[in-house]
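Down below is the structure, laid out as structure tokens.
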Amino acid sequence: MKRWLHSPQARALGLAILLLALLAGSAWGLQQGRSPGESFLPELEIHFIDVGQGDATLIVGPEFTILVDAGRHDRNDVVPYLRSVGVEKIDLLVGTHPHSDHIGQFPQVLAAFPVVDVWLSGDVHTSRIFERTLDAILASEAGYHEPRAGEVYTLGQLRIEVIHPQQVTGDFNNGSIVLRLVYGDVKVLLTGDAEAPAEHEMIARGHDLSADILHVGHHGSSTSTSLEFLEAVNPKAAVYSAGKDNPYGHPHAEVIERLHRRGVKIYGTDLHGTIRVTTDGKSFEITTERMPQGSPILDAAAWLEGCAPGQIDINRASLEELVQIVHIGASRAEELIAKRPFTSLDDLLRITGIGQGRLGDIKKQGLACVEPV
């Protein structure tokens with residue numbers, strides 16, 4: 001059965017069956033073109049669930065439940081979380097793209113809850129978890145759709161704008177489903193693992209990308225959240241989903257610095273646990289499972305010019321102080337002292353053996369700073 005699903009003929013037949021199911025069975029009201037109400041709205045909640053180095057976002061409104069992505073394939077935390085907050089049915093289940101840290105628990109979700117409709121990007125993966133996901137969709141009574149840029153739907157008072165992709169290209173990350181959620185005056189942009197090339201396509205197509213809250217692309221990777229894209233979105237708050245001490249170094253220092261310089265409030269599941277947004281369509285409130293103290297990611301002073309208390313000024317510190325900075329051993333500390341003054345932390349690239357990766361680690365540590373000489 002699983003091998004059969006990977007043949008072109010079988011995929012075409014399987015998708016035809018799923019599309020027929022969508023036409024026959026979707027009575028839940030995902031309707032194109034209806035605009036949200038302008039008045040004071042019932043409370044809507046968005047949960048950026050802490051699923052480690054993966055993604056899962058739950059949207060719960062007065063008349064609907066949406067789950068965008070379902071965590072990692074090697075964990076079992078999404079279904080328990082959904083049950084803990086009272087989810088009984090899912091109206092829309094979205095897999096932004098077929099990587100296993102995004103669709104990893106689709107089979108468990110589809111087995112645990114009635115699901116009305118499933119959206120996937122249309123890209124086909126050869127992984128076992130993708131095969132199991134297709135099997136689970138076929139075994140369910142869910143309808144199926146591959147959304148494309150420009151489509152607009154409403155669920156109750158929630159407007160769902162499909163921003164990306166325009167077509168299937170085989171590039172899983174850049175083919176991620178990107179959704180702009182509009183609830184009254186409050187807007188949220190969910191970007192999956194879309195990277196800079198996809199961001200530039202969205203801008204070029206002329207989409208309205210403005211949002212109050214940005215779910216940062218690709219777990220905070222430097223491949224995403226380009227400056228041009230960030231300027232187009234112009235968020236008040238940003239959320240990234242990443243595992244604590246993950247091997248990829250997410251979120252990357254360049255992205256955090258870019259957000260800080262625009263005055264964006266930053267939340268991350270590695271630091272804050274599950275992050276919850278509540279809104280009445282006029283304003284929004286963000287609460288977190290925990291609030292870490294003293295993190296450089298929370299402290300804009302660690303990224304901007306000047307030094308905060310407890311930081312080490314590389315233009316004035318002694319060798320003994322400098323070696324406390326990550327990647328700065330005794331020999332590099334001596335070279336640093338010899339090459340003073342430095343105009344910024346980026347200027348540390350003049351030090352032998354300090355490249356972009358190590359510079360990012362230094363910034364993320366939040367210990368080094370530069371006071372003007």
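Identifiers in the structure tokens: chain A, B, ... in order shown; residue index from 1 per chain; ligand index from 1 in order shown.
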
Once DSSP has gone over the backbone, tell me which residues of segment 38-225 of chain A are in alpha helix (DSSP H), as JSON, numbers by chain. {"A": [78, 79, 80, 81, 82, 83, 84, 106, 107, 108, 109, 110, 111, 112, 128, 129, 130, 131, 132, 133, 134, 135, 136, 137, 138, 139, 196, 197, 198, 199, 200, 201, 202, 203, 204]}

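Our summary of the geometry notes that atom CA of Lys244 of chain A is positioned 15.7 Å from atom CA of Ala56 of chain A.
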
For segment 170-180 of chain A, work out the shell of residues within 7 Å, counting only C-alpha atoms and skipping chain neighbours fewer than 5 positions away, then give it as a tab-separated table (two decimals) with C-alpha atoms, in the first residue's frame.
```tsv
chain	number	residue	atom	x	y	z
A	96	THR	CA	3.12	23.57	5.80
A	97	HIS	CA	5.60	21.21	4.08
A	98	PRO	CA	6.52	17.51	4.26
A	121	SER	CA	1.68	21.95	0.11
A	123	ASP	CA	5.31	18.50	-2.47
A	160	ILE	CA	-7.40	33.03	6.10
A	161	GLU	CA	-5.25	34.42	3.29
A	162	VAL	CA	-2.98	31.99	1.44
A	163	ILE	CA	0.23	33.88	0.66
A	164	HIS	CA	2.42	31.01	-0.61
A	165	PRO	CA	3.17	28.82	-2.55
A	187	LYS	CA	-3.10	39.97	11.92
A	188	VAL	CA	-0.76	36.98	12.29
A	189	LEU	CA	1.63	35.63	9.65
A	190	LEU	CA	2.62	31.93	9.78
A	191	THR	CA	5.56	31.14	7.48
A	192	GLY	CA	6.52	27.48	7.97
A	193	ASP	CA	10.11	27.00	6.81
A	194	ALA	CA	9.91	29.53	3.96
A	195	GLU	CA	13.30	31.05	3.26
A	197	PRO	CA	13.76	33.18	-2.01
A	198	ALA	CA	10.13	32.47	-1.08
```

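Considering only C-alpha atoms, the residue among A:Ile59, A:Val94, A:Ala237, A:Leu230 positioned nearest to Val255 of chain A is A:Leu230.
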
Residues of segment 101-127 of chain A at most 7 Å from segment 61-77 of chain A: nearest atom pair and distance in Å, only C-alpha atoms, as CSV:
```
residue,atom,partner,partner_atom,distance
A:Asp101,CA,A:Arg72,CA,4.0
A:His102,CA,A:Asp69,CA,4.9
A:Ile103,CA,A:Ala70,CA,5.2
A:Gly104,CA,A:His73,CA,3.6
A:Gln105,CA,A:Ala70,CA,5.2
A:Phe106,CA,A:Ala70,CA,5.9
```

Quick check for you: according to DSSP on this backbone, which residues of segment 66-129 of chain A are classed as strand (DSSP E)? Reply as a PyMOL selection string. chain A and resi 66-68+90-95+115-120

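Take the candidates A:Phe229, A:Lys265, A:His327, A:Tyr183 and check each one against Gly355 of chain A using only C-alpha atoms; the shortest distance goes to A:His327.
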